>>> print(open('run_21.cif').read())   # mmCIF, C-alpha atoms
data_my_file
#
loop_
_atom_site.label_atom_id
_atom_site.label_comp_id
_atom_site.auth_asym_id
_atom_site.auth_seq_id
_atom_site.Cartn_x
_atom_site.Cartn_y
_atom_site.Cartn_z
CA MET A 1 116.35 180.90 97.79
CA LYS A 2 114.02 183.53 99.26
CA TRP A 3 112.97 181.12 102.03
CA ILE A 4 116.59 180.39 102.96
CA LEU A 5 117.30 184.13 103.15
CA VAL A 6 114.33 184.64 105.47
CA ILE A 7 115.58 181.86 107.77
CA VAL A 8 119.08 183.35 107.84
CA LEU A 9 117.73 186.79 108.73
CA VAL A 10 115.41 185.46 111.41
CA ALA A 11 118.12 183.30 112.97
CA ALA A 12 120.51 186.24 112.96
CA GLY A 13 117.81 188.34 114.58
CA ILE A 14 117.38 185.74 117.31
CA VAL A 15 121.10 185.76 118.02
CA LEU A 16 121.11 189.58 118.20
CA LEU A 17 118.10 189.55 120.48
CA LEU A 18 119.79 187.04 122.76
CA ARG A 19 122.77 189.33 123.06
CA ARG A 20 120.55 192.32 123.89
CA ARG A 21 118.47 190.35 126.40
CA GLN A 22 121.63 189.02 128.03
CA ARG A 23 122.69 192.61 128.70
CA ARG A 24 119.29 193.46 130.19
CA ASP A 25 119.32 190.38 132.41
CA SER A 26 122.61 191.38 134.02
CA ALA A 27 120.85 193.59 136.58
CA PRO A 28 117.55 192.00 137.62
CA PRO A 29 115.21 193.98 139.90
CA PRO A 30 115.35 193.17 143.63
CA ALA A 31 113.21 190.19 144.57
CA PRO A 32 110.18 190.95 146.77
CA GLU A 33 109.82 189.32 150.16
CA HIS A 34 108.16 185.92 149.76
CA ARG A 35 105.91 183.88 152.03
CA THR A 36 105.47 180.11 151.81
CA VAL A 37 101.82 179.08 151.57
CA ASP A 38 100.40 177.11 154.47
CA VAL A 39 100.42 173.35 154.02
CA THR A 40 97.03 173.00 155.74
CA ASP A 41 95.40 175.42 153.30
CA VAL A 42 96.88 173.49 150.38
CA ALA A 43 95.66 170.19 151.82
CA GLU A 44 92.12 171.54 152.15
CA TYR A 45 92.27 172.73 148.57
CA VAL A 46 93.67 169.40 147.36
CA GLU A 47 90.88 167.52 149.16
CA MET A 48 88.22 169.75 147.51
CA GLU A 49 87.17 171.10 150.91
CA ALA A 50 87.98 174.45 149.33
CA THR A 51 87.34 175.12 145.63
CA THR A 52 88.97 178.55 145.40
CA TYR A 53 92.49 179.55 146.39
CA ARG A 54 93.38 183.26 146.62
CA VAL A 55 97.07 184.11 146.62
CA ARG A 56 99.16 187.26 146.55
CA THR A 57 100.80 187.19 143.14
CA LEU A 58 104.20 188.63 144.10
CA ARG A 59 104.37 187.27 147.64
CA ASP A 60 103.14 183.69 147.94
CA VAL A 61 105.38 180.78 147.04
CA LEU A 62 105.22 177.01 147.18
CA PRO A 63 108.01 174.99 148.81
CA GLY A 64 111.16 175.49 146.80
CA GLY A 65 110.27 179.12 146.15
CA MET A 66 108.10 178.71 143.05
CA SER A 67 105.27 181.19 142.47
CA ALA A 68 101.97 179.96 143.92
CA ALA A 69 100.10 182.14 141.42
CA MET A 70 101.72 180.14 138.60
CA ALA A 71 100.53 176.80 139.99
CA PRO A 72 99.96 174.30 137.16
CA VAL A 73 96.57 172.98 136.14
CA PHE A 74 95.58 169.65 137.71
CA VAL A 75 92.86 167.19 136.74
CA VAL A 76 90.78 165.74 139.59
CA TRP A 77 91.02 162.20 138.24
CA SER A 78 88.83 160.65 140.93
CA ARG A 79 85.92 162.85 139.83
CA SER A 80 86.60 163.01 136.10
CA SER A 81 85.93 160.80 133.11
CA PHE A 82 87.68 161.00 129.75
CA ALA A 83 85.14 158.56 128.27
CA PRO A 84 82.65 159.90 125.68
CA GLY A 85 80.03 162.03 127.40
CA GLY A 86 82.08 162.34 130.59
CA SER A 87 83.04 165.54 132.40
CA ILE A 88 86.43 166.70 133.62
CA ILE A 89 87.11 168.69 136.79
CA ILE A 90 90.23 170.87 136.78
CA ARG A 91 91.96 172.86 139.53
CA ASN A 92 93.99 176.08 139.45
CA LEU A 93 91.99 177.82 136.72
CA ASN A 94 93.11 181.45 136.91
CA HIS A 95 89.98 183.63 136.92
CA GLY A 96 88.66 186.64 138.80
CA GLY A 97 91.87 188.09 140.19
CA ASN A 98 93.04 191.65 139.67
CA PRO A 99 96.55 191.83 138.20
CA LEU A 100 96.92 195.46 139.29
CA SER A 101 96.09 194.75 142.93
CA GLY A 102 98.39 191.74 142.94
CA VAL A 103 95.74 189.10 143.63
CA THR A 104 95.47 185.82 141.73
CA VAL A 105 92.37 183.66 142.18
CA LEU A 106 92.69 179.96 141.35
CA ARG A 107 89.33 178.32 140.73
CA THR A 108 87.86 174.86 140.24
CA ALA A 109 85.88 174.20 137.07
CA VAL A 110 84.03 171.35 135.41
CA LEU A 111 84.40 170.92 131.65
CA HIS A 112 82.06 169.06 129.33
CA PRO A 113 84.22 168.17 126.29
CA GLU A 114 81.21 167.20 124.18
CA LYS A 115 80.18 170.87 124.23
CA ILE A 116 83.39 172.21 122.69
CA VAL A 117 82.64 174.55 119.77
CA ARG A 118 86.20 174.86 118.49
CA ALA A 119 89.86 174.70 119.43
CA GLU A 120 92.26 177.50 118.51
CA TYR A 121 95.95 178.25 118.37
CA VAL A 122 96.59 181.72 119.78
CA LYS A 123 99.74 183.53 118.74
CA VAL A 124 100.70 186.40 121.05
CA PRO A 125 103.47 188.55 119.51
CA LEU A 126 105.89 189.75 122.17
CA SER A 127 107.48 192.61 120.27
CA ARG A 128 107.70 194.25 116.89
CA HIS A 129 109.62 191.15 115.81
CA ARG A 130 106.46 189.09 115.32
CA SER A 131 108.52 185.93 114.85
CA LEU A 132 109.06 186.12 118.61
CA SER A 133 105.76 185.22 120.17
CA HIS A 134 104.00 183.33 122.89
CA GLY A 135 101.76 180.43 121.84
CA GLN A 136 98.77 178.94 123.65
CA LEU A 137 95.68 176.82 123.06
CA ARG A 138 92.13 178.12 123.51
CA PHE A 139 88.95 176.05 123.77
CA VAL A 140 85.55 177.66 123.23
CA PHE A 141 82.44 175.97 124.66
CA GLU A 142 78.72 176.05 124.13
CA PRO A 143 76.69 177.57 126.98
CA GLY A 144 77.01 175.23 129.95
CA GLY A 145 80.04 173.51 128.51
CA ALA A 146 82.33 174.92 131.19
CA GLU A 147 81.24 175.95 134.67
CA PHE A 148 82.81 176.99 137.95
CA VAL A 149 82.34 174.58 140.82
CA ASP A 150 80.60 175.77 144.00
CA GLU A 151 79.69 179.34 143.22
CA ASP A 152 79.08 181.55 146.27
CA ALA A 153 75.60 180.53 147.43
CA SER A 154 75.16 183.86 149.20
CA ALA A 155 75.54 185.85 145.97
CA VAL A 156 72.57 187.11 143.96
CA GLY A 157 72.30 188.11 140.31
CA GLU A 158 74.00 186.50 137.35
CA PRO A 159 76.44 183.65 138.06
CA ASP A 160 80.04 184.01 136.93
CA SER A 161 80.20 182.69 133.37
CA LEU A 162 82.93 180.56 131.82
CA ASP A 163 82.79 180.40 128.04
CA ASP A 164 86.35 179.45 127.17
CA ILE A 165 89.63 178.34 128.68
CA VAL A 166 93.24 178.98 127.69
CA LEU A 167 95.98 176.43 128.33
CA SER A 168 99.43 177.97 128.36
CA TRP A 169 102.85 176.41 128.97
CA GLU A 170 105.06 178.56 131.17
CA ALA A 171 108.56 178.83 132.59
CA TRP A 172 107.69 178.32 136.27
CA ARG A 173 109.84 180.48 138.52
CA PRO A 174 109.74 182.53 141.75
CA PRO A 175 107.46 185.60 141.92
CA GLY A 176 108.95 188.77 140.51
CA THR A 177 111.61 186.88 138.56
CA PRO A 178 111.60 188.00 134.91
CA TYR A 179 111.86 185.37 132.20
CA SER A 180 115.15 185.40 130.32
CA ILE A 181 115.41 184.03 126.78
CA VAL A 182 119.13 183.50 127.30
CA LYS A 183 118.91 181.72 130.66
CA GLY A 184 116.01 179.66 129.30
CA MET A 185 118.38 178.01 126.84
CA ASP A 186 119.48 175.88 129.80
CA PRO A 187 116.61 173.47 130.64
CA THR A 188 117.68 173.29 134.29
CA VAL A 189 116.86 176.96 135.03
CA TYR A 190 113.04 176.94 134.82
CA GLU A 191 110.39 174.29 135.38
CA LEU A 192 108.07 173.50 132.48
CA THR A 193 104.42 173.54 133.56
CA MET A 194 101.04 174.32 132.02
CA ARG A 195 98.68 176.92 133.47
CA ALA A 196 94.96 177.28 132.87
CA TYR A 197 93.01 180.54 132.54
CA SER A 198 89.56 181.66 131.63
CA GLY A 199 89.80 183.36 128.24
CA VAL A 200 88.83 186.76 129.62
CA GLN A 201 91.44 186.59 132.40
CA ARG A 202 94.27 185.68 130.03
CA PHE A 203 93.22 188.28 127.47
CA LEU A 204 93.15 190.96 130.17
CA GLU A 205 96.60 190.03 131.47
CA ASP A 206 98.02 189.98 127.94
CA ALA A 207 96.34 193.31 127.13
CA LEU A 208 97.86 194.95 130.20
CA GLN A 209 101.24 194.03 128.73
CA ARG A 210 100.20 195.42 125.32
CA ARG A 211 100.09 191.97 123.79
CA ASP A 212 97.49 191.33 121.10
CA TRP A 213 96.04 187.99 120.03
CA GLU A 214 96.28 186.44 116.57
CA VAL A 215 93.82 183.54 116.60
CA SER A 216 93.75 180.63 114.15
CA THR A 217 91.00 178.01 114.32
CA LEU A 218 92.31 174.45 114.26
CA ALA A 219 90.90 171.92 111.80
CA LEU A 220 91.91 168.64 113.40
CA PRO A 221 90.96 165.25 111.93
CA GLY A 222 87.55 164.15 113.13
CA GLY A 223 86.04 167.63 113.40
CA ARG A 224 84.67 168.22 116.88
CA GLU A 225 86.06 164.84 117.94
CA GLY A 226 89.49 166.20 117.11
CA ALA A 227 88.99 169.26 119.31
CA ILE A 228 87.75 167.03 122.15
CA GLU A 229 90.80 164.79 121.78
CA LEU A 230 93.10 167.83 121.87
CA LEU A 231 91.54 169.01 125.13
CA LYS A 232 92.02 165.60 126.73
CA VAL A 233 95.60 165.24 125.50
CA ALA A 234 96.47 168.78 126.62
CA LEU A 235 95.00 168.33 130.10
CA ALA A 236 96.58 164.91 130.64
CA MET A 237 99.96 166.20 129.49
CA GLY A 238 99.82 169.39 131.55
CA ASP A 239 98.55 167.54 134.62
CA GLY A 240 101.36 164.99 134.45
CA ALA A 241 104.03 167.64 133.96
CA GLY A 242 102.72 169.69 136.87
CA ARG A 243 102.54 166.73 139.25
CA TYR A 244 106.02 165.61 138.32
CA ALA A 245 107.45 169.10 138.87
CA MET A 246 105.64 169.47 142.20
CA SER A 247 106.78 166.04 143.38
CA GLU A 248 110.38 166.95 142.56
CA MET A 249 110.05 170.15 144.58
CA LEU A 250 108.59 168.41 147.61
CA GLU A 251 111.28 165.77 147.49
CA LYS A 252 113.98 168.45 147.55
CA THR A 253 112.43 170.44 150.39
CA GLY A 254 111.51 167.40 152.51
CA GLY A 255 109.65 168.15 155.74
CA ALA A 256 110.72 171.79 155.78
CA TRP A 257 107.33 172.81 154.42
CA VAL A 258 105.56 171.51 157.52
CA THR A 259 107.20 174.18 159.68
CA GLY A 260 107.78 176.73 156.94
CA GLY A 261 104.25 178.09 156.63
CA PRO A 262 102.80 181.12 158.40
CA ARG A 263 100.79 179.03 160.88
CA GLU A 264 102.20 177.40 163.97
CA SER A 265 103.05 173.77 163.24
CA ASP A 266 100.72 171.27 164.86
CA GLY A 267 100.12 167.53 164.77
CA ASP A 268 98.06 167.73 161.59
CA ALA A 269 100.68 169.55 159.53
CA ALA A 270 102.79 166.46 158.80
CA ALA A 271 99.69 164.46 157.88
CA SER A 272 98.58 167.27 155.56
CA TRP A 273 101.98 167.33 153.91
CA GLN A 274 101.87 163.56 153.35
CA LEU A 275 98.38 163.90 151.85
CA VAL A 276 99.60 166.47 149.34
CA GLU A 277 102.50 164.20 148.37
CA GLU A 278 100.17 161.24 147.85
CA LYS A 279 97.76 163.25 145.72
CA LEU A 280 100.57 164.25 143.39
CA GLN A 281 100.97 160.62 142.36
CA ASP A 282 97.40 160.53 141.04
CA THR A 283 97.94 161.08 137.31
CA ASN A 284 97.05 159.47 133.99
CA SER A 285 98.95 159.65 130.70
CA LEU A 286 96.15 157.85 128.79
CA GLY A 287 98.51 154.94 128.16
CA ASP A 288 100.54 157.02 125.71
CA ALA A 289 104.26 157.58 126.29
CA ARG A 290 104.09 160.75 124.19
CA ILE A 291 101.86 162.32 126.84
CA ASN A 292 104.02 161.37 129.82
CA LEU A 293 106.50 164.21 130.40
CA ALA A 294 108.19 162.74 133.47
CA GLY A 295 111.84 163.70 133.31
CA ARG A 296 111.15 166.24 130.58
CA THR A 297 109.88 169.14 132.63
CA GLY A 298 112.73 171.59 132.13
CA TYR A 299 111.63 174.65 130.16
CA GLN A 300 113.86 175.38 127.16
CA THR A 301 113.56 178.50 125.02
CA ILE A 302 113.59 176.70 121.66
CA VAL A 303 112.71 173.03 122.08
CA ARG A 304 110.39 173.06 125.11
CA SER A 305 108.94 176.57 125.05
CA CYS A 306 105.36 177.78 125.42
CA ALA A 307 104.79 177.77 121.66
CA SER A 308 106.67 174.57 120.86
CA MET A 309 104.82 172.66 123.61
CA ALA A 310 101.43 173.88 122.36
CA LEU A 311 102.46 172.67 118.90
CA TYR A 312 103.65 169.38 120.39
CA GLN A 313 100.20 168.86 121.93
CA VAL A 314 98.57 169.47 118.55
CA ASP A 315 101.05 167.10 116.90
CA VAL A 316 100.50 164.28 119.41
CA THR A 317 96.75 164.73 119.11
CA THR A 318 96.89 164.63 115.32
CA ALA A 319 98.98 161.45 115.42
CA ARG A 320 96.50 159.82 117.82
CA LEU A 321 93.54 160.83 115.64
CA ILE A 322 95.20 159.39 112.54
CA GLU A 323 95.90 156.18 114.46
CA GLN A 324 92.20 156.10 115.42
CA GLY A 325 91.21 156.30 111.75
CA HIS A 326 90.23 159.99 111.58
CA ALA A 327 92.71 161.01 108.89
CA HIS A 328 91.45 163.15 106.02
CA ASP A 329 93.00 164.27 102.74
CA GLY A 330 95.71 166.88 103.08
CA VAL A 331 96.38 166.41 106.79
CA SER A 332 99.87 165.60 108.06
CA LEU A 333 102.04 166.06 111.09
CA VAL A 334 104.05 169.23 111.53
CA LYS A 335 107.79 168.58 111.45
CA ILE A 336 108.96 169.54 114.93
CA ALA A 337 112.18 169.10 116.88
CA GLY A 338 112.09 166.25 119.39
CA ILE A 339 111.49 167.44 122.94
CA ASN A 340 113.57 164.67 124.53
CA GLU A 341 117.07 165.72 123.59
CA ILE A 342 118.33 169.28 123.58
CA PRO A 343 121.56 169.88 121.59
CA GLU A 344 124.54 170.76 123.76
CA TRP A 345 125.37 173.81 121.65
CA MET A 346 121.88 175.16 122.34
CA THR A 347 122.27 174.78 126.11
CA GLU A 348 125.66 176.49 125.90
CA LEU A 349 123.94 179.62 124.58
CA SER A 350 122.71 180.32 128.12
CA LYS A 351 126.25 181.25 129.22
CA ALA A 352 127.85 182.29 125.97
CA ASN A 353 129.32 185.76 125.51
CA PRO A 354 128.44 187.76 122.38
CA ALA A 355 131.25 186.10 120.43
CA GLY A 356 130.01 182.68 121.50
CA LEU A 357 126.50 183.57 120.38
CA PHE A 358 127.68 184.43 116.90
CA LEU A 359 129.92 181.37 116.69
CA ARG A 360 126.87 179.21 117.28
CA GLY A 361 124.80 181.24 114.82
CA PRO A 362 125.35 178.81 111.90
CA LYS A 363 124.05 175.93 114.02
CA MET A 364 120.96 177.94 114.87
CA ILE A 365 120.43 178.71 111.19
CA ALA A 366 120.72 175.03 110.29
CA PHE A 367 118.35 174.11 113.11
CA VAL A 368 115.56 176.51 112.11
CA HIS A 369 116.04 175.53 108.46
CA LYS A 370 115.36 171.92 109.44
CA TYR A 371 112.59 172.82 111.87
CA PRO A 372 110.89 176.09 110.80
CA SER A 373 108.34 175.62 113.58
CA ALA A 374 111.16 176.32 116.07
CA ILE A 375 110.45 179.99 115.28
CA PRO A 376 107.21 180.66 117.23
CA GLY A 377 105.92 183.14 114.68
CA GLU A 378 106.09 180.47 111.98
CA ILE A 379 103.85 177.97 113.78
CA PRO A 380 100.52 179.10 112.24
CA LYS A 381 102.06 178.77 108.78
CA GLN A 382 103.32 175.27 109.58
CA LEU A 383 99.91 174.27 110.94
CA ASP A 384 98.31 175.51 107.72
CA ARG A 385 100.77 173.57 105.55
CA ALA A 386 99.87 170.45 107.53
CA GLY A 387 96.18 171.00 106.74
CA LEU A 388 95.36 171.73 110.38
CA LEU A 389 93.80 175.20 110.11
CA VAL A 390 90.33 176.25 109.00
CA ARG A 391 90.44 177.97 105.60
CA GLU A 392 88.07 180.31 103.78
CA GLY A 393 88.58 181.64 100.28
CA GLY A 394 91.79 179.68 99.92
CA LYS A 395 93.40 181.30 102.96
CA PRO A 396 93.64 180.29 106.61
CA VAL A 397 91.17 182.14 108.80
CA LYS A 398 92.99 184.48 111.18
CA ARG A 399 91.35 186.89 113.58
CA GLU A 400 93.22 189.65 115.38
CA PHE A 401 92.07 190.93 118.75
CA LYS A 402 93.30 193.86 120.83
CA ILE A 403 92.04 195.70 123.87
CA ASN A 404 91.58 199.00 122.02
CA GLY A 405 89.64 197.40 119.18
CA GLU A 406 87.87 194.10 118.61
CA THR A 407 88.06 191.44 121.33
CA PRO A 408 86.86 187.81 121.22
CA TRP A 409 83.73 189.02 123.07
CA GLY A 410 82.94 192.06 120.93
CA PRO A 411 84.23 195.63 120.47
CA ALA A 412 86.12 196.83 123.52
CA SER A 413 84.36 200.21 123.32
CA GLY A 414 81.02 198.49 123.96
CA LEU A 415 82.32 196.16 126.66
CA LEU A 416 83.98 198.96 128.65
CA THR A 417 81.15 201.50 128.35
CA ARG A 418 79.44 202.19 131.67
#
>>> encode(input="run_21.cif", output="structure tokens")
Amino acid sequence: MKWILVIVLVAAGIVLLLRRRQRRDSAPPPAPEHRTVDVTDVAEYVEMEATTYRVRTLRDVLPGGMSAAMAPVFVVWSRSSFAPGGSIIIRNLNHGGNPLSGVTVLRTAVLHPEKIVRAEYVKVPLSRHRSLSHGQLRFVFEPGGAEFVDEDASAVGEPDSLDDIVLSWEAWRPPGTPYSIVKGMDPTVYELTMRAYSGVQRFLEDALQRRDWEVSTLALPGGREGAIELLKVALAMGDGAGRYAMSEMLEKTGGAWVTGGPRESDGDAAASWQLVEEKLQDTNSLGDARINLAGRTGYQTIVRSCASMALYQVDVTTARLIEQGHAHDGVSLVKIAGINEIPEWMTELSKANPAGLFLRGPKMIAFVHKYPSAIPGEIPKQLDRAGLLVREGGKPVKREFKINGETPWGPASGLLTR
């Protein structure tokens, strides 16, 4: 009875929050002036002639108007191996930019999955209502397990280190466009893509928004093999979603991008554009339909959100590990809502007035009662019930990090002392 009451209260809180957010979203701030990135620059980056891409966070856009700074993570399949002992090269790893100066730096990195120390689920509460939170996956590596490609040869001193990466699903949108919980109920409003960060970059950007981290260590079947499998599943899934979303954008814009960049169009521009299109077809879903998100790349606040997609990656990985014979006592799949079909009543919430929100309240209550993991703040509890979190002393291990206290790299007071 107590559990049912909690669900009712949480669901009612969500409905109230939707109404309040809908009011806030009625007057969005003016959009900044945007500039489409140059197709030749993108082609050089795609071809690995350039390994770093610097963009202006609030200015630069890709064709179709999507934020260049939010570019999804891509796997360089021609130079990567998912076989045991292989390495994986990824593009668009956000590291080294300054959020306050409006610069985002997208880097190229090589990952050695065999050197993963652990995989974590990171809950990032977004407000005092801790049930409303962002969710992301973090992978911590041994020294040398993750490295940037082509460091500046002219630099002296210590090389830039990469100890961990964060993979985060996002609602891809134009620069300066705030995310709306209400509008996100309609899966046609935002694109669903996965971004990659170094841990320190993501923590800094979360800290600047006064968002703390609540970190739970995953205990997947197979031990380290489970963490390695999760990394591979997450990258393959995010890569496929990003390429599909990009291909859709290019198809809609056609050849406009060739003449839409800041440079004068020349004979090579069309060839560069065709090269980018061809490269977007280079993907790999590991032969698993659960990993292929083609046609399912619309972000949706409840079913295909940042937290629910991170959980979906853990769930698919767990299922694959069980199928591979890595099951252990007490492990099970988390009961999650299917990401393929979004109920019509849920989509209708994006345009409902306050009365409409409350009329659909009972359906929301029934939905979260059936799928408690639909509430982002409940995901760590559901992972623990499925036997997928590390426990000590009979309780799941949870570490809390904040910029004015302990961080994943030590006390902030020591890190910031000069």
>>> residues_around(input="run_21.cif", residues="stretch 201-212 of chain A", least_positions_apart="4", cutoff="8 Å", atoms="all atoms listed in the file", output="list of chain:residue names")
A:Asn94, A:His95, A:Gly96, A:Gly97, A:Pro99, A:Val124, A:Pro125, A:Leu126, A:Val166, A:Tyr197, A:Glu400, A:Phe401, A:Lys402, A:Ile403
>>> resolve_selection(input="run_21.cif", expression="the PyMOL selection byres ((chain A and resi 352) around 12)", output="number ranges by chain")
A: 15, 18-19, 22-23, 182-183, 185-186, 345-351, 353-361
>>> residues_around(input="run_21.cif", residues="A:Leu321", least_positions_apart="5", cutoff="9 Å", atoms="only C-alpha atoms", output="mmCIF file with C-alpha atoms, in the coordinates of the input")
data_model
loop_
_atom_site.group_PDB
_atom_site.id
_atom_site.type_symbol
_atom_site.label_atom_id
_atom_site.label_comp_id
_atom_site.auth_asym_id
_atom_site.auth_seq_id
_atom_site.Cartn_x
_atom_site.Cartn_y
_atom_site.Cartn_z
ATOM 1 C CA LEU A 220 91.910 168.640 113.400
ATOM 2 C CA PRO A 221 90.960 165.250 111.930
ATOM 3 C CA GLY A 222 87.550 164.150 113.130
ATOM 4 C CA GLU A 225 86.060 164.840 117.940
ATOM 5 C CA GLY A 226 89.490 166.200 117.110
ATOM 6 C CA GLU A 229 90.800 164.790 121.780
ATOM 7 C CA VAL A 316 100.500 164.280 119.410
ATOM 8 C CA HIS A 326 90.230 159.990 111.580
ATOM 9 C CA ALA A 327 92.710 161.010 108.890
#
>>> resolve_selection(input="run_21.cif", expression="the PyMOL selection byres ((chain A and resi 156-160) around 12)", output="list in words")
His95, Gly96, Arg107, Ala109, Gly144, Ala146, Glu147, Phe148, Val149, Asp150, Glu151, Asp152, Ala153, Ser154, Ala155, Ser161, Leu162, Asp163, Ser198 and Val200 of chain A
>>> resolve_selection(input="run_21.cif", expression="the PyMOL selection byres ((chain A and resi 35) around 7)", output="mmCIF file with C-alpha atoms, in the frame of the given file")
data_model
loop_
_atom_site.group_PDB
_atom_site.id
_atom_site.type_symbol
_atom_site.label_atom_id
_atom_site.label_comp_id
_atom_site.auth_asym_id
_atom_site.auth_seq_id
_atom_site.Cartn_x
_atom_site.Cartn_y
_atom_site.Cartn_z
ATOM 1 C CA GLU A 33 109.820 189.320 150.160
ATOM 2 C CA HIS A 34 108.160 185.920 149.760
ATOM 3 C CA THR A 36 105.470 180.110 151.810
ATOM 4 C CA VAL A 37 101.820 179.080 151.570
ATOM 5 C CA ARG A 59 104.370 187.270 147.640
ATOM 6 C CA ASP A 60 103.140 183.690 147.940
ATOM 7 C CA VAL A 61 105.380 180.780 147.040
#
>>> closest_residue(input="run_21.cif", among="A:Phe367, A:Tyr299, A:Tyr121, A:Tyr312", to="A:Asp384", atoms="only C-alpha atoms")
A:Tyr121
>>> atom_distance(input="run_21.cif", atom1="atom CA of A:Asn98", atom2="atom CA of A:Glu214")
23.9 Å
>>> atom_distance(input="run_21.cif", atom1="atom CA of A:Ser308", atom2="atom CA of A:Thr188")
17.4 Å
>>> axis_aligned_box(input="run_21.cif", around="stretch 209-227 of chain A", padding_each_side="5 Å", output="lines of an AutoDock Vina configuration file")
center_x = 93.0
center_y = 179.8
center_z = 120.3
size_x = 26.6
size_y = 41.3
size_z = 26.9
>>> closest_residue(input="run_21.cif", among="A:Ile165, A:Leu415, A:Ala219, A:Val76", to="A:His328", atoms="all atoms listed in the file")
A:Ala219
>>> atom_distance(input="run_21.cif", atom1="atom CA of A:Thr317", atom2="atom CA of A:Leu333")
9.7 Å
>>> closest_residue(input="run_21.cif", among="A:Val215, A:Ala83, A:Leu62, A:Met70", to="A:Ile228", atoms="all atoms listed in the file")
A:Ala83
>>> closest_residue(input="run_21.cif", among="A:Leu235, A:Ala171, A:Ala319, A:Ile116", to="A:Gly85", atoms="all atoms listed in the file")
A:Ile116
>>> closest_residue(input="run_21.cif", among="A:Val334, A:Met364, A:Leu58, A:Met66", to="A:Leu389", atoms="all atoms listed in the file")
A:Val334
>>> residues_around(input="run_21.cif", residues="stretch 230-233 of chain A", least_positions_apart="6", cutoff="9 Å", atoms="all atoms listed in the file", output="JSON, numbers by chain")
{"A": [82, 88, 113, 119, 139, 220, 285, 286, 291, 313, 314, 316, 317, 318]}
>>> write_last_selection(input="run_21.cif", atoms="C-alpha atoms", output="compact mmCIF listing (two decimals), keeping the file's coordinate frame")
# COMPACT_ATOMS: atom_id res chain seq x y z
CA PHE A 82 87.68 161.00 129.75
CA ILE A 88 86.43 166.70 133.62
CA PRO A 113 84.22 168.17 126.29
CA ALA A 119 89.86 174.70 119.43
CA PHE A 139 88.95 176.05 123.77
CA LEU A 220 91.91 168.64 113.40
CA SER A 285 98.95 159.65 130.70
CA LEU A 286 96.15 157.85 128.79
CA ILE A 291 101.86 162.32 126.84
CA GLN A 313 100.20 168.86 121.93
CA VAL A 314 98.57 169.47 118.55
CA VAL A 316 100.50 164.28 119.41
CA THR A 317 96.75 164.73 119.11
CA THR A 318 96.89 164.63 115.32
>>> closest_residue(input="run_21.cif", among="A:Gln382, A:Gln281, A:Asn340, A:Thr253", to="A:Asp315", atoms="all atoms listed in the file")
A:Gln382
